[in-house]
Amino acid sequence: MFTQGSVAIFGALAPPRLLGSETGLDTILAQVLKTVAPSLKVITQQEVASLINRNDLANEYARMRNEALQSHLLDGGTLKKLGTAIGTRYVFQPKLIEFMQIMKDRWEMPPIALKVSRIRSSIMRLSLQLWDMQTGELLWASTAEASLESEAVGQDPIYFEDDARVTMGSMLADFTSGQTTSSYGPLNGLIDQLIQFPQPEKHKNTDNTEPR
């Protein structure tokens with residue numbers, strides 16, 4: 001898979017029940033891309049949005065995104081117009097599929113039921129697609145799920161950004177190496193560089209299509 005040239009990033013998609021939670025995923029994707037593929041020129045979602053609006057394509061872009069939530073496809077005709085406006089051939093489309101956070105008491109001190117410790121855990125599922133905007137071809141796709149867990153005394157939740165870095169990092173590690181399935185754990189060097197705390201409890205990529 002190419003790691004040079006330029007690639008754009010579209011704003012992340014999310015189903016209605018998670019709408020708003022996907023905010024910032026495109027920024028995290030851009031940061032992780034710069035780590036795993038530093039020679040790749042990344043056109044950020046902010047730059048993409050400005051170029052789309054400048055070329056009066058906002059309505060077509062919005063329509064394409066709405067349709068993609070149902071079809072999981074990006075319309076080829078619209079992609080071609082957007083590619084010309086943005087000035088690049090390739091684009092990443094991230095999507096938030098699931099995000100859950102759970103807080104559990106580790107144990108209590110009887111008889112006063114004093115909560116001594118809590119376990120914070122979360123599950124995130126993302127998909128990532130790479131499209132050729134000239135031909136409308138889906139070049140590469142990955143779906144990944146990450147589970148993070150940490151112990152805490154307070155009520156602080158697992159941070160969404162930590163989950164996203166782990167999940168994006170695993171998919172993009174596959175992207176740069178041409179792999180289609182991988183497993184990840186706390187000792188994985190690349191993922192450890194992308195996130196320091198909490199460490200991933202388990203991670204597995206599934207349902208990838210073969211890169212071309």
# chains A, B, ... in the order shown; residues from 1 in each chain; ligands from 1

call {"tool": "residues_around", "arguments": {"residues": "Ile52 in chain A", "least_positions_apart": "4", "cutoff": "12 Å", "atoms": "only C-alpha atoms", "output": "mmCIF file with all heavy atoms, in the first residue's frame"}}
result
data_model
loop_
_atom_site.group_PDB
_atom_site.id
_atom_site.type_symbol
_atom_site.label_atom_id
_atom_site.label_comp_id
_atom_site.auth_asym_id
_atom_site.auth_seq_id
_atom_site.Cartn_x
_atom_site.Cartn_y
_atom_site.Cartn_z
ATOM 1 N N ALA A 8 -6.390 12.650 1.446
ATOM 2 C CA ALA A 8 -7.303 13.514 2.191
ATOM 3 C C ALA A 8 -8.034 12.690 3.247
ATOM 4 O O ALA A 8 -8.043 11.463 3.212
ATOM 5 C CB ALA A 8 -8.304 14.168 1.242
ATOM 6 N N PHE A 10 -11.859 12.587 5.100
ATOM 7 C CA PHE A 10 -13.224 13.074 5.258
ATOM 8 C C PHE A 10 -13.602 13.036 6.736
ATOM 9 O O PHE A 10 -13.042 12.255 7.512
ATOM 10 C CB PHE A 10 -14.216 12.203 4.477
ATOM 11 C CG PHE A 10 -14.239 12.472 2.990
ATOM 12 C CD1 PHE A 10 -14.789 11.537 2.123
ATOM 13 C CD2 PHE A 10 -13.742 13.651 2.457
ATOM 14 C CE1 PHE A 10 -14.835 11.771 0.755
ATOM 15 C CE2 PHE A 10 -13.780 13.891 1.091
ATOM 16 C CZ PHE A 10 -14.329 12.955 0.236
ATOM 17 N N GLN A 45 -9.136 17.155 7.579
ATOM 18 C CA GLN A 45 -10.565 17.357 7.378
ATOM 19 C C GLN A 45 -10.913 18.843 7.338
ATOM 20 O O GLN A 45 -11.794 19.259 6.591
ATOM 21 C CB GLN A 45 -11.352 16.645 8.487
ATOM 22 C CG GLN A 45 -12.841 16.517 8.211
ATOM 23 C CD GLN A 45 -13.628 17.751 8.614
ATOM 24 O OE1 GLN A 45 -13.230 18.479 9.526
ATOM 25 N NE2 GLN A 45 -14.753 17.994 7.960
ATOM 26 N N GLN A 46 -10.205 19.655 8.115
ATOM 27 C CA GLN A 46 -10.455 21.094 8.101
ATOM 28 C C GLN A 46 -10.113 21.689 6.738
ATOM 29 O O GLN A 46 -10.874 22.501 6.188
ATOM 30 C CB GLN A 46 -9.630 21.778 9.193
ATOM 31 C CG GLN A 46 -9.870 23.278 9.290
ATOM 32 C CD GLN A 46 -9.092 23.919 10.426
ATOM 33 O OE1 GLN A 46 -8.431 23.232 11.197
ATOM 34 N NE2 GLN A 46 -9.169 25.229 10.532
ATOM 35 N N GLU A 47 -8.974 21.277 6.175
ATOM 36 C CA GLU A 47 -8.597 21.751 4.847
ATOM 37 C C GLU A 47 -9.573 21.248 3.790
ATOM 38 O O GLU A 47 -9.959 21.987 2.872
ATOM 39 C CB GLU A 47 -7.175 21.283 4.520
ATOM 40 C CG GLU A 47 -6.101 21.884 5.415
ATOM 41 C CD GLU A 47 -4.749 21.228 5.199
ATOM 42 O OE1 GLU A 47 -4.655 19.986 5.305
ATOM 43 O OE2 GLU A 47 -3.784 21.963 4.897
ATOM 44 N N VAL A 48 -9.989 19.979 3.932
ATOM 45 C CA VAL A 48 -10.945 19.394 2.989
ATOM 46 C C VAL A 48 -12.259 20.165 3.011
ATOM 47 O O VAL A 48 -12.823 20.493 1.962
ATOM 48 C CB VAL A 48 -11.187 17.907 3.326
ATOM 49 C CG1 VAL A 48 -12.416 17.364 2.602
ATOM 50 C CG2 VAL A 48 -9.961 17.070 2.964
ATOM 51 N N ASP A 56 -18.262 25.111 -3.917
ATOM 52 C CA ASP A 56 -19.728 24.969 -3.932
ATOM 53 C C ASP A 56 -20.189 23.513 -4.022
ATOM 54 O O ASP A 56 -21.135 23.183 -4.751
ATOM 55 C CB ASP A 56 -20.334 25.768 -5.097
ATOM 56 C CG ASP A 56 -20.047 27.264 -4.990
ATOM 57 O OD1 ASP A 56 -20.102 27.788 -3.853
ATOM 58 O OD2 ASP A 56 -19.769 27.886 -6.024
ATOM 59 N N LEU A 57 -19.507 22.646 -3.276
ATOM 60 C CA LEU A 57 -19.848 21.226 -3.301
ATOM 61 C C LEU A 57 -20.379 20.726 -1.955
ATOM 62 O O LEU A 57 -20.483 19.512 -1.740
ATOM 63 C CB LEU A 57 -18.625 20.397 -3.700
ATOM 64 C CG LEU A 57 -18.146 20.563 -5.153
ATOM 65 C CD1 LEU A 57 -16.795 19.886 -5.353
ATOM 66 C CD2 LEU A 57 -19.174 20.007 -6.121
ATOM 67 N N ALA A 58 -20.732 21.645 -1.062
ATOM 68 C CA ALA A 58 -21.158 21.264 0.287
ATOM 69 C C ALA A 58 -22.408 20.385 0.263
ATOM 70 O O ALA A 58 -22.504 19.391 0.998
ATOM 71 C CB ALA A 58 -21.396 22.506 1.142
ATOM 72 N N ASN A 59 -23.380 20.733 -0.576
ATOM 73 C CA ASN A 59 -24.618 19.964 -0.640
ATOM 74 C C ASN A 59 -24.387 18.550 -1.168
ATOM 75 O O ASN A 59 -24.952 17.576 -0.655
ATOM 76 C CB ASN A 59 -25.655 20.682 -1.504
ATOM 77 C CG ASN A 59 -26.209 21.925 -0.842
ATOM 78 O OD1 ASN A 59 -26.193 22.044 0.385
ATOM 79 N ND2 ASN A 59 -26.673 22.868 -1.644
ATOM 80 N N GLU A 60 -23.537 18.426 -2.191
ATOM 81 C CA GLU A 60 -23.241 17.096 -2.739
ATOM 82 C C GLU A 60 -22.482 16.242 -1.721
ATOM 83 O O GLU A 60 -22.708 15.041 -1.594
ATOM 84 C CB GLU A 60 -22.441 17.222 -4.037
ATOM 85 C CG GLU A 60 -23.255 17.705 -5.224
ATOM 86 C CD GLU A 60 -22.580 17.378 -6.549
ATOM 87 O OE1 GLU A 60 -22.269 16.194 -6.779
ATOM 88 O OE2 GLU A 60 -22.365 18.327 -7.330
ATOM 89 N N TYR A 61 -21.576 16.885 -1.002
ATOM 90 C CA TYR A 61 -20.800 16.179 0.018
ATOM 91 C C TYR A 61 -21.727 15.673 1.127
ATOM 92 O O TYR A 61 -21.631 14.509 1.550
ATOM 93 C CB TYR A 61 -19.752 17.126 0.591
ATOM 94 C CG TYR A 61 -18.936 16.567 1.733
ATOM 95 C CD1 TYR A 61 -18.146 15.439 1.571
ATOM 96 C CD2 TYR A 61 -18.939 17.195 2.991
ATOM 97 C CE1 TYR A 61 -17.387 14.932 2.619
ATOM 98 C CE2 TYR A 61 -18.181 16.702 4.040
ATOM 99 C CZ TYR A 61 -17.409 15.575 3.851
ATOM 100 O OH TYR A 61 -16.665 15.073 4.888
ATOM 101 N N ALA A 62 -22.651 16.519 1.586
ATOM 102 C CA ALA A 62 -23.592 16.128 2.639
ATOM 103 C C ALA A 62 -24.495 14.993 2.171
ATOM 104 O O ALA A 62 -24.761 14.036 2.923
ATOM 105 C CB ALA A 62 -24.423 17.334 3.063
ATOM 106 N N THR A 78 -19.727 11.898 -7.222
ATOM 107 C CA THR A 78 -19.418 12.949 -6.250
ATOM 108 C C THR A 78 -17.952 12.891 -5.831
ATOM 109 O O THR A 78 -17.291 13.926 -5.676
ATOM 110 C CB THR A 78 -20.328 12.810 -5.018
ATOM 111 O OG1 THR A 78 -21.695 12.845 -5.428
ATOM 112 C CG2 THR A 78 -20.077 13.939 -4.034
ATOM 113 N N LEU A 79 -17.441 11.674 -5.648
ATOM 114 C CA LEU A 79 -16.025 11.531 -5.281
ATOM 115 C C LEU A 79 -15.114 12.195 -6.306
ATOM 116 O O LEU A 79 -14.130 12.851 -5.947
ATOM 117 C CB LEU A 79 -15.657 10.053 -5.164
ATOM 118 C CG LEU A 79 -15.903 9.358 -3.827
ATOM 119 C CD1 LEU A 79 -15.502 7.894 -3.930
ATOM 120 C CD2 LEU A 79 -15.146 10.041 -2.701
ATOM 121 N N LYS A 81 -15.738 14.717 -8.343
ATOM 122 C CA LYS A 81 -15.807 16.173 -8.210
ATOM 123 C C LYS A 81 -15.028 16.644 -6.981
ATOM 124 O O LYS A 81 -14.303 17.650 -7.032
ATOM 125 C CB LYS A 81 -17.261 16.624 -8.092
ATOM 126 C CG LYS A 81 -18.098 16.391 -9.335
ATOM 127 C CD LYS A 81 -19.532 16.835 -9.086
ATOM 128 C CE LYS A 81 -20.446 16.515 -10.265
ATOM 129 N NZ LYS A 81 -21.850 16.904 -9.980
ATOM 130 N N LEU A 82 -15.186 15.925 -5.882
ATOM 131 C CA LEU A 82 -14.498 16.301 -4.649
ATOM 132 C C LEU A 82 -12.988 16.152 -4.793
ATOM 133 O O LEU A 82 -12.224 16.987 -4.301
ATOM 134 C CB LEU A 82 -15.004 15.446 -3.488
ATOM 135 C CG LEU A 82 -16.469 15.646 -3.080
ATOM 136 C CD1 LEU A 82 -16.882 14.605 -2.051
ATOM 137 C CD2 LEU A 82 -16.685 17.052 -2.527
ATOM 138 N N GLY A 83 -12.549 15.086 -5.464
ATOM 139 C CA GLY A 83 -11.119 14.883 -5.672
ATOM 140 C C GLY A 83 -10.501 16.014 -6.461
ATOM 141 O O GLY A 83 -9.389 16.465 -6.164
ATOM 142 N N THR A 84 -11.214 16.497 -7.484
ATOM 143 C CA THR A 84 -10.725 17.627 -8.286
ATOM 144 C C THR A 84 -10.633 18.885 -7.432
ATOM 145 O O THR A 84 -9.660 19.639 -7.510
ATOM 146 C CB THR A 84 -11.658 17.873 -9.484
ATOM 147 O OG1 THR A 84 -11.687 16.696 -10.291
ATOM 148 C CG2 THR A 84 -11.174 19.042 -10.313
ATOM 149 N N ALA A 85 -11.651 19.100 -6.595
ATOM 150 C CA ALA A 85 -11.660 20.292 -5.742
ATOM 151 C C ALA A 85 -10.570 20.255 -4.678
ATOM 152 O O ALA A 85 -9.930 21.270 -4.390
ATOM 153 C CB ALA A 85 -13.029 20.429 -5.079
ATOM 154 N N ILE A 86 -10.334 19.079 -4.112
ATOM 155 C CA ILE A 86 -9.350 18.943 -3.036
ATOM 156 C C ILE A 86 -7.935 18.874 -3.584
ATOM 157 O O ILE A 86 -6.975 19.316 -2.950
ATOM 158 C CB ILE A 86 -9.660 17.687 -2.193
ATOM 159 C CG1 ILE A 86 -11.028 17.839 -1.520
ATOM 160 C CG2 ILE A 86 -8.586 17.448 -1.137
ATOM 161 C CD1 ILE A 86 -11.578 16.555 -0.928
ATOM 162 N N GLY A 87 -7.783 18.317 -4.779
ATOM 163 C CA GLY A 87 -6.465 18.244 -5.401
ATOM 164 C C GLY A 87 -5.678 17.005 -5.031
ATOM 165 O O GLY A 87 -4.443 17.032 -5.004
#

call {"tool": "select_by_dssp", "arguments": {"residues": "range 27-104 of chain A", "states": "helix (DSSP H, G or I)", "output": "ChimeraX atom specification"}}
result
/A:27-36,45-54,58-71,76-86

call {"tool": "residues_around", "arguments": {"residues": "Leu29 in chain A", "least_positions_apart": "2", "cutoff": "10 Å", "atoms": "only C-alpha atoms", "output": "ChimeraX atom specification"}}
result
/A:9,12,24-27,31-35,42,44-45,92-94,128,164-165,167-169,172

call {"tool": "atom_distance", "arguments": {"atom1": "CA of Ser170 in chain A", "atom2": "CA of Leu18 in chain A"}}
result
22.2 Å

call {"tool": "closest_residue", "arguments": {"among": "A:Ala68, A:Lys95, A:Arg54, A:Gly5", "to": "Leu19 in chain A", "atoms": "only C-alpha atoms"}}
result
A:Lys95

call {"tool": "atom_distance", "arguments": {"atom1": "CA of Leu74 in chain A", "atom2": "CA of Asn55 in chain A"}}
result
18.8 Å

call {"tool": "atom_distance", "arguments": {"atom1": "CA of Leu96 in chain A", "atom2": "CA of Thr135 in chain A"}}
result
25.3 Å

call {"tool": "residues_around", "arguments": {"residues": "Val7 in chain A", "least_positions_apart": "5", "cutoff": "9 Å", "atoms": "only C-alpha atoms", "output": "short mmCIF file (atom, residue, chain, number, x, y, z; two decimals) with N, CA and C atoms, in the first residue's frame"}}
result
data_model
loop_
_atom_site.label_atom_id
_atom_site.label_comp_id
_atom_site.auth_asym_id
_atom_site.auth_seq_id
_atom_site.Cartn_x
_atom_site.Cartn_y
_atom_site.Cartn_z
N LEU A 40 3.86 10.59 4.00
CA LEU A 40 2.56 10.78 3.35
C LEU A 40 2.03 12.18 3.69
N LYS A 41 1.69 12.96 2.65
CA LYS A 41 1.13 14.29 2.87
C LYS A 41 -0.36 14.15 3.19
N VAL A 42 -0.75 14.59 4.37
CA VAL A 42 -2.13 14.45 4.83
C VAL A 42 -2.88 15.77 4.65
N ILE A 43 -3.98 15.72 3.94
CA ILE A 43 -4.86 16.88 3.81
C ILE A 43 -5.96 16.71 4.85
N THR A 44 -5.92 17.52 5.91
CA THR A 44 -6.80 17.33 7.05
C THR A 44 -8.26 17.61 6.70
N THR A 88 -6.38 15.90 -4.76
CA THR A 88 -5.70 14.64 -4.48
C THR A 88 -6.56 13.49 -4.98
N ARG A 89 -5.94 12.34 -5.14
CA ARG A 89 -6.67 11.19 -5.69
C ARG A 89 -7.28 10.30 -4.62
N TYR A 90 -6.66 10.26 -3.43
CA TYR A 90 -7.06 9.29 -2.42
C TYR A 90 -7.67 9.96 -1.19
N VAL A 91 -8.61 9.26 -0.55
CA VAL A 91 -9.24 9.80 0.65
C VAL A 91 -9.56 8.68 1.63
N PHE A 92 -9.34 8.95 2.91
CA PHE A 92 -9.74 8.05 3.98
C PHE A 92 -11.11 8.46 4.50
#

call {"tool": "closest_residue", "arguments": {"among": "A:Ile123, A:Leu73, A:Ile97, A:Ile102", "to": "Leu138 in chain A", "atoms": "only C-alpha atoms"}}
result
A:Leu73

call {"tool": "closest_residue", "arguments": {"among": "A:Gln134, A:Ser6, A:Ser122, A:Ser21", "to": "Gly77 in chain A", "atoms": "only C-alpha atoms"}}
result
A:Gln134

call {"tool": "select_by_dssp", "arguments": {"residues": "range 2-113 of chain A", "states": "strand (DSSP E or B)", "output": "JSON, numbers by chain"}}
result
{"A": [5, 6, 7, 8, 9, 13, 40, 41, 42, 43, 90, 91, 92, 93, 94, 95, 96, 97, 98, 99, 100, 101, 102, 103, 104, 105, 106, 107, 108, 109]}

call {"tool": "write_last_selection", "arguments": {"atoms": "N, CA, C and O atoms", "output": "tab-separated table (two decimals), in the first residue's frame"}}
result
chain	number	residue	atom	x	y	z
A	5	GLY	N	3.11	10.48	-1.37
A	5	GLY	CA	2.09	11.23	-2.08
A	5	GLY	C	1.18	11.95	-1.11
A	5	GLY	O	1.59	12.34	-0.02
A	6	SER	N	-0.10	12.09	-1.46
A	6	SER	CA	-1.03	12.80	-0.59
A	6	SER	C	-2.32	12.03	-0.45
A	6	SER	O	-2.72	11.26	-1.33
A	7	VAL	N	-2.97	12.24	0.67
A	7	VAL	CA	-4.27	11.61	0.94
A	7	VAL	C	-5.10	12.57	1.77
A	7	VAL	O	-4.59	13.26	2.65
A	8	ALA	N	-6.39	12.65	1.45
A	8	ALA	CA	-7.30	13.51	2.19
A	8	ALA	C	-8.03	12.69	3.25
A	8	ALA	O	-8.04	11.46	3.21
A	9	ILE	N	-8.65	13.38	4.20
A	9	ILE	CA	-9.44	12.73	5.24
A	9	ILE	C	-10.82	13.39	5.27
A	9	ILE	O	-10.93	14.61	5.45
A	13	LEU	N	-17.96	9.40	10.02
A	13	LEU	CA	-19.38	9.09	10.03
A	13	LEU	C	-19.75	8.38	11.33
A	13	LEU	O	-18.89	7.80	11.99
A	40	LEU	N	3.86	10.59	4.00
A	40	LEU	CA	2.56	10.78	3.35
A	40	LEU	C	2.03	12.18	3.69
A	40	LEU	O	1.93	12.55	4.86
A	41	LYS	N	1.69	12.96	2.65
A	41	LYS	CA	1.13	14.29	2.87
A	41	LYS	C	-0.36	14.15	3.19
A	41	LYS	O	-1.12	13.63	2.39
A	42	VAL	N	-0.75	14.59	4.37
A	42	VAL	CA	-2.13	14.45	4.83
A	42	VAL	C	-2.88	15.77	4.65
A	42	VAL	O	-2.44	16.81	5.16
A	43	ILE	N	-3.98	15.72	3.94
A	43	ILE	CA	-4.86	16.88	3.81
A	43	ILE	C	-5.96	16.71	4.85
A	43	ILE	O	-6.80	15.82	4.74
A	90	TYR	N	-6.66	10.26	-3.43
A	90	TYR	CA	-7.06	9.29	-2.42
A	90	TYR	C	-7.67	9.96	-1.19
A	90	TYR	O	-7.28	11.07	-0.82
A	91	VAL	N	-8.61	9.26	-0.55
A	91	VAL	CA	-9.24	9.80	0.65
A	91	VAL	C	-9.56	8.68	1.63
A	91	VAL	O	-9.96	7.58	1.24
A	92	PHE	N	-9.34	8.95	2.91
A	92	PHE	CA	-9.74	8.05	3.98
A	92	PHE	C	-11.11	8.46	4.50
A	92	PHE	O	-11.36	9.65	4.74
A	93	GLN	N	-11.98	7.46	4.71
A	93	GLN	CA	-13.29	7.70	5.33
A	93	GLN	C	-13.38	6.88	6.61
A	93	GLN	O	-13.57	5.67	6.58
A	94	PRO	N	-13.25	7.53	7.79
A	94	PRO	CA	-13.42	6.82	9.05
A	94	PRO	C	-14.89	6.79	9.48
A	94	PRO	O	-15.68	7.66	9.10
A	95	LYS	N	-15.24	5.77	10.28
A	95	LYS	CA	-16.60	5.68	10.79
A	95	LYS	C	-16.58	5.07	12.19
A	95	LYS	O	-15.93	4.06	12.43
A	96	LEU	N	-17.31	5.71	13.10
A	96	LEU	CA	-17.49	5.16	14.44
A	96	LEU	C	-18.67	4.21	14.42
A	96	LEU	O	-19.78	4.60	14.07
A	97	ILE	N	-18.43	2.96	14.80
A	97	ILE	CA	-19.48	1.94	14.79
A	97	ILE	C	-20.06	1.74	16.19
A	97	ILE	O	-21.27	1.59	16.37
A	98	GLU	N	-19.17	1.73	17.21
A	98	GLU	CA	-19.62	1.49	18.58
A	98	GLU	C	-18.65	2.12	19.56
A	98	GLU	O	-17.45	2.16	19.31
A	99	PHE	N	-19.18	2.62	20.67
A	99	PHE	CA	-18.34	3.09	21.78
A	99	PHE	C	-19.13	2.94	23.07
A	99	PHE	O	-20.22	3.48	23.21
A	100	MET	N	-18.57	2.18	24.03
A	100	MET	CA	-19.21	1.95	25.32
A	100	MET	C	-18.19	2.13	26.43
A	100	MET	O	-17.02	1.78	26.27
A	101	GLN	N	-18.64	2.69	27.56
A	101	GLN	CA	-17.80	2.82	28.74
A	101	GLN	C	-18.51	2.18	29.92
A	101	GLN	O	-19.72	2.34	30.09
A	102	ILE	N	-17.75	1.45	30.73
A	102	ILE	CA	-18.30	0.74	31.88
A	102	ILE	C	-17.44	1.03	33.10
A	102	ILE	O	-16.20	0.98	33.03
A	103	MET	N	-18.07	1.33	34.23
A	103	MET	CA	-17.38	1.53	35.50
A	103	MET	C	-17.87	0.47	36.48
A	103	MET	O	-19.06	0.37	36.77
A	104	LYS	N	-16.95	-0.34	37.02
A	104	LYS	CA	-17.31	-1.41	37.95
A	104	LYS	C	-16.51	-1.27	39.24
A	104	LYS	O	-15.33	-0.93	39.22
A	105	ASP	N	-17.19	-1.54	40.38
A	105	ASP	CA	-16.49	-1.55	41.67
A	105	ASP	C	-15.63	-2.79	41.76
A	105	ASP	O	-16.09	-3.90	41.49
A	106	ARG	N	-14.37	-2.60	42.14
A	106	ARG	CA	-13.48	-3.75	42.29
A	106	ARG	C	-13.82	-4.51	43.57
A	106	ARG	O	-13.91	-5.72	43.58
A	107	TRP	N	-13.93	-3.79	44.68
A	107	TRP	CA	-14.39	-4.40	45.92
A	107	TRP	C	-14.74	-3.31	46.90
A	107	TRP	O	-14.41	-2.15	46.71
A	108	GLU	N	-15.48	-3.68	47.95
A	108	GLU	CA	-15.91	-2.73	48.96
A	108	GLU	C	-15.41	-3.19	50.32
A	108	GLU	O	-15.07	-4.35	50.53
A	109	MET	N	-15.36	-2.25	51.28
A	109	MET	CA	-14.91	-2.56	52.63
A	109	MET	C	-16.11	-2.58	53.58
A	109	MET	O	-16.65	-1.52	53.92
